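Only one structure is covered here, and it is reproduced in the block below.
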Amino acid sequence: MYHDLLIPTDGSDGTRQALVHGLAIARRFDATVHALSVLPEGPYGSLESDGAAAEAERDAERALERVESDAERDGLERVSEIRRGVPHEEILAYAEENGIDMIVMGTHGRTGIDRALVGSVTERIVREAAVPVVTVRVGDDLRIEDATRAEEIALEGLEERGYEGATAVDDPHRTSGSWIVPVETDDGRIQVHVDASSGDVRLARLDR
């Protein structure tokens, strides 16, 4: 029934929780997962400086990598793309151009104005999309707010995966709703991502 499922993402708590629901639907129908990140322009804002544009693009790339990694883990086909423009227009255009059967997205983004904008984007998608739209309401509380606790969870996760004697080589830092913990192991350096809402651990990069 659903062959192509679109998950718009900015890496925030809302889009990550939408990802969980989207992947469950994709597994049920063995659907291809399309991950789309839109860099806002037009009435939803613009990236005025080169530094801001570069940072936004890095955030978008990380958000897409998360979707791709989780979809790959589930054995699903995956496609990803970054676009620039008015978010709801680009999402709707992508859906039409790529034969999307369903859109799954969160009801808000990070905090403050981002939250208001993502909520507005979701509302426009629901009203204008020609395909079913699944919206995922997101709670505001982060379970892991302390860098020390994030480091502990990262090291515990590595130990569970068979990495012994791993040590953190730098302080954890937050990007969107995840903690990133740089760790040194016998196999090289790993970036461990700890989801600030769920506590899930993901090995983001391994340099041998």
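By convention in this document, the chains of the structure tokens carry letters A, B, ... by their order, each chain's residues are numbered from 1, and ligands are numbered from 1 in the order they are shown.
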
List the neighbours of Ile91 of chain A out to 12 Å using only C-alpha atoms; skip same-chain residues closer than 6 positions along the sequence, and give me the result as a tab-separated table (two decimals) with N, CA, C and O atoms, in the first residue's frame.
```
chain	number	residue	atom	x	y	z
A	6	LEU	N	8.08	9.51	3.08
A	6	LEU	CA	8.93	10.69	3.24
A	6	LEU	C	8.98	11.12	4.71
A	6	LEU	O	7.94	11.30	5.35
A	7	ILE	N	10.22	11.30	5.22
A	7	ILE	CA	10.42	11.80	6.57
A	7	ILE	C	11.23	13.10	6.48
A	7	ILE	O	12.46	13.06	6.34
A	8	PRO	N	10.58	14.27	6.53
A	8	PRO	CA	11.34	15.52	6.60
A	8	PRO	C	12.05	15.60	7.95
A	8	PRO	O	11.47	15.25	8.98
A	9	THR	N	13.29	16.06	7.97
A	9	THR	CA	14.04	16.04	9.22
A	9	THR	C	14.96	17.24	9.35
A	9	THR	O	15.54	17.70	8.38
A	34	HIS	N	12.48	8.01	2.32
A	34	HIS	CA	13.05	9.23	1.75
A	34	HIS	C	13.27	10.23	2.89
A	34	HIS	O	12.32	10.59	3.60
A	35	ALA	N	14.50	10.65	3.09
A	35	ALA	CA	14.83	11.65	4.10
A	35	ALA	C	15.10	12.98	3.41
A	35	ALA	O	15.91	13.05	2.47
A	36	LEU	N	14.42	14.03	3.85
A	36	LEU	CA	14.56	15.34	3.22
A	36	LEU	C	14.83	16.39	4.29
A	36	LEU	O	14.10	16.47	5.29
A	37	SER	N	15.86	17.17	4.11
A	37	SER	CA	16.14	18.30	5.01
A	37	SER	C	16.12	19.58	4.17
A	37	SER	O	16.79	19.66	3.14
A	38	VAL	N	15.34	20.55	4.63
A	38	VAL	CA	15.19	21.80	3.88
A	38	VAL	C	15.88	22.93	4.64
A	38	VAL	O	15.57	23.17	5.82
A	39	LEU	N	16.80	23.62	3.99
A	39	LEU	CA	17.42	24.80	4.56
A	39	LEU	C	16.51	25.99	4.27
A	39	LEU	O	16.29	26.32	3.10
A	40	PRO	N	15.94	26.61	5.31
A	40	PRO	CA	14.89	27.61	5.10
A	40	PRO	C	15.36	28.86	4.38
A	40	PRO	O	16.40	29.42	4.70
A	81	GLU	N	18.10	13.79	0.56
A	81	GLU	CA	18.36	15.00	-0.23
A	81	GLU	C	18.27	16.23	0.67
A	81	GLU	O	17.45	16.28	1.60
A	82	ILE	N	19.10	17.21	0.38
A	82	ILE	CA	19.02	18.53	1.00
A	82	ILE	C	18.50	19.51	-0.04
A	82	ILE	O	18.97	19.52	-1.18
A	83	ARG	N	17.52	20.32	0.34
A	83	ARG	CA	17.00	21.36	-0.55
A	83	ARG	C	17.02	22.70	0.16
A	83	ARG	O	17.10	22.77	1.39
A	84	ARG	N	16.91	23.76	-0.60
A	84	ARG	CA	16.83	25.11	-0.07
A	84	ARG	C	15.55	25.75	-0.56
A	84	ARG	O	15.20	25.62	-1.73
A	85	GLY	N	14.87	26.45	0.34
A	85	GLY	CA	13.65	27.12	-0.06
A	85	GLY	C	12.68	27.24	1.09
A	85	GLY	O	13.04	27.12	2.26
A	97	GLU	N	7.18	15.01	-6.83
A	97	GLU	CA	8.19	14.61	-7.82
A	97	GLU	C	8.65	13.17	-7.65
A	97	GLU	O	9.07	12.53	-8.60
A	98	ASN	N	8.55	12.64	-6.43
A	98	ASN	CA	9.11	11.32	-6.14
A	98	ASN	C	8.06	10.26	-5.82
A	98	ASN	O	8.39	9.18	-5.34
A	100	ILE	N	5.70	10.03	-3.56
A	100	ILE	CA	5.59	9.69	-2.15
A	100	ILE	C	4.16	9.27	-1.81
A	100	ILE	O	3.19	9.91	-2.24
A	102	MET	N	3.25	8.55	1.59
A	102	MET	CA	2.93	9.00	2.95
A	102	MET	C	4.05	9.89	3.45
A	102	MET	O	5.21	9.68	3.15
A	103	ILE	N	3.67	10.92	4.23
A	103	ILE	CA	4.63	11.82	4.87
A	103	ILE	C	4.50	11.64	6.38
A	103	ILE	O	3.39	11.64	6.92
A	104	VAL	N	5.63	11.48	7.07
A	104	VAL	CA	5.63	11.36	8.52
A	104	VAL	C	6.51	12.47	9.09
A	104	VAL	O	7.68	12.58	8.73
A	105	MET	N	5.96	13.31	9.98
A	105	MET	CA	6.75	14.42	10.51
A	105	MET	C	6.29	14.82	11.90
A	105	MET	O	5.16	14.54	12.31
A	121	VAL	N	4.85	24.70	9.53
A	121	VAL	CA	5.13	23.89	8.34
A	121	VAL	C	4.28	22.63	8.35
A	121	VAL	O	3.66	22.26	7.34
A	122	THR	N	4.24	21.94	9.48
A	122	THR	CA	3.44	20.72	9.58
A	122	THR	C	1.97	20.99	9.27
A	122	THR	O	1.33	20.23	8.55
A	124	ARG	N	0.72	23.32	7.36
A	124	ARG	CA	0.55	23.54	5.93
A	124	ARG	C	0.60	22.22	5.17
A	124	ARG	O	-0.17	22.01	4.22
A	125	ILE	N	1.51	21.33	5.57
A	125	ILE	CA	1.62	20.03	4.91
A	125	ILE	C	0.33	19.25	5.07
A	125	ILE	O	-0.19	18.65	4.11
A	126	VAL	N	-0.21	19.23	6.29
A	126	VAL	CA	-1.45	18.50	6.55
A	126	VAL	C	-2.58	19.02	5.68
A	126	VAL	O	-3.38	18.26	5.13
A	128	GLU	N	-2.35	20.75	2.76
A	128	GLU	CA	-2.14	20.83	1.32
A	128	GLU	C	-1.65	19.54	0.67
A	128	GLU	O	-1.71	19.42	-0.56
A	129	ALA	N	-1.17	18.59	1.45
A	129	ALA	CA	-0.61	17.38	0.85
A	129	ALA	C	-1.68	16.54	0.18
A	129	ALA	O	-2.83	16.44	0.66
A	130	ALA	N	-1.31	15.92	-0.93
A	130	ALA	CA	-2.23	15.05	-1.66
A	130	ALA	C	-2.15	13.60	-1.20
A	130	ALA	O	-2.84	12.74	-1.73
A	131	VAL	N	-1.31	13.34	-0.18
A	131	VAL	CA	-1.13	11.98	0.33
A	131	VAL	C	-1.34	12.01	1.85
A	131	VAL	O	-1.34	13.09	2.46
A	133	VAL	N	-0.75	12.15	5.75
A	133	VAL	CA	0.31	12.74	6.56
A	133	VAL	C	0.13	12.25	8.00
A	133	VAL	O	-0.92	12.43	8.61
```

Can you check which residues of segment 134-174 of chain A DSSP gives as strand (DSSP E or B) on the backbone and send them as a ChimeraX atom specification? /A:134-136,167-168,173-174

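Rounded to one decimal, atom CA of Trp179 of chain A and atom CA of Thr167 of chain A lie 15.8 Å from each other.
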
For Glu77 of chain A, which residue out of A:Ala26, A:Val169, A:Ile153, A:Val183 is the nearest one, using only C-alpha atoms? A:Ala26

For the helix (DSSP H, G or I) assignment from backbone DSSP, which residues of segment 119-205 of chain A qualify? Please present them as an MDAnalysis selection string. chainID A and resid 119:128 147:160

Those same residues - C-alpha atoms - I'd like them written as a PDB file, in the first residue's frame.
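To be explicit, this is the file written out as part.pdb:
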```pdb
ATOM      1  CA  GLY A 119       4.566  23.589  13.743  1.00  0.00           C
ATOM      2  CA  SER A 120       3.435  25.968  11.030  1.00  0.00           C
ATOM      3  CA  VAL A 121       5.130  23.891   8.337  1.00  0.00           C
ATOM      4  CA  THR A 122       3.436  20.716   9.579  1.00  0.00           C
ATOM      5  CA  GLU A 123       0.060  22.446   9.545  1.00  0.00           C
ATOM      6  CA  ARG A 124       0.554  23.538   5.926  1.00  0.00           C
ATOM      7  CA  ILE A 125       1.617  20.030   4.911  1.00  0.00           C
ATOM      8  CA  VAL A 126      -1.452  18.499   6.549  1.00  0.00           C
ATOM      9  CA  ARG A 127      -3.757  20.953   4.753  1.00  0.00           C
ATOM     10  CA  GLU A 128      -2.139  20.828   1.319  1.00  0.00           C
ATOM     11  CA  ALA A 147      27.090  16.126  29.869  1.00  0.00           C
ATOM     12  CA  THR A 148      28.536  13.830  32.529  1.00  0.00           C
ATOM     13  CA  ARG A 149      25.534  11.516  32.326  1.00  0.00           C
ATOM     14  CA  ALA A 150      25.751  11.519  28.512  1.00  0.00           C
ATOM     15  CA  GLU A 151      29.399  10.425  28.755  1.00  0.00           C
ATOM     16  CA  GLU A 152      28.481   7.612  31.172  1.00  0.00           C
ATOM     17  CA  ILE A 153      25.774   6.342  28.815  1.00  0.00           C
ATOM     18  CA  ALA A 154      28.165   6.490  25.839  1.00  0.00           C
ATOM     19  CA  LEU A 155      30.809   4.432  27.637  1.00  0.00           C
ATOM     20  CA  GLU A 156      28.200   1.942  28.868  1.00  0.00           C
ATOM     21  CA  GLY A 157      26.924   1.570  25.313  1.00  0.00           C
ATOM     22  CA  LEU A 158      30.422   0.892  24.017  1.00  0.00           C
ATOM     23  CA  GLU A 159      31.034  -1.696  26.717  1.00  0.00           C
ATOM     24  CA  GLU A 160      27.815  -3.478  25.756  1.00  0.00           C
TER      25      GLU A 160
END
```
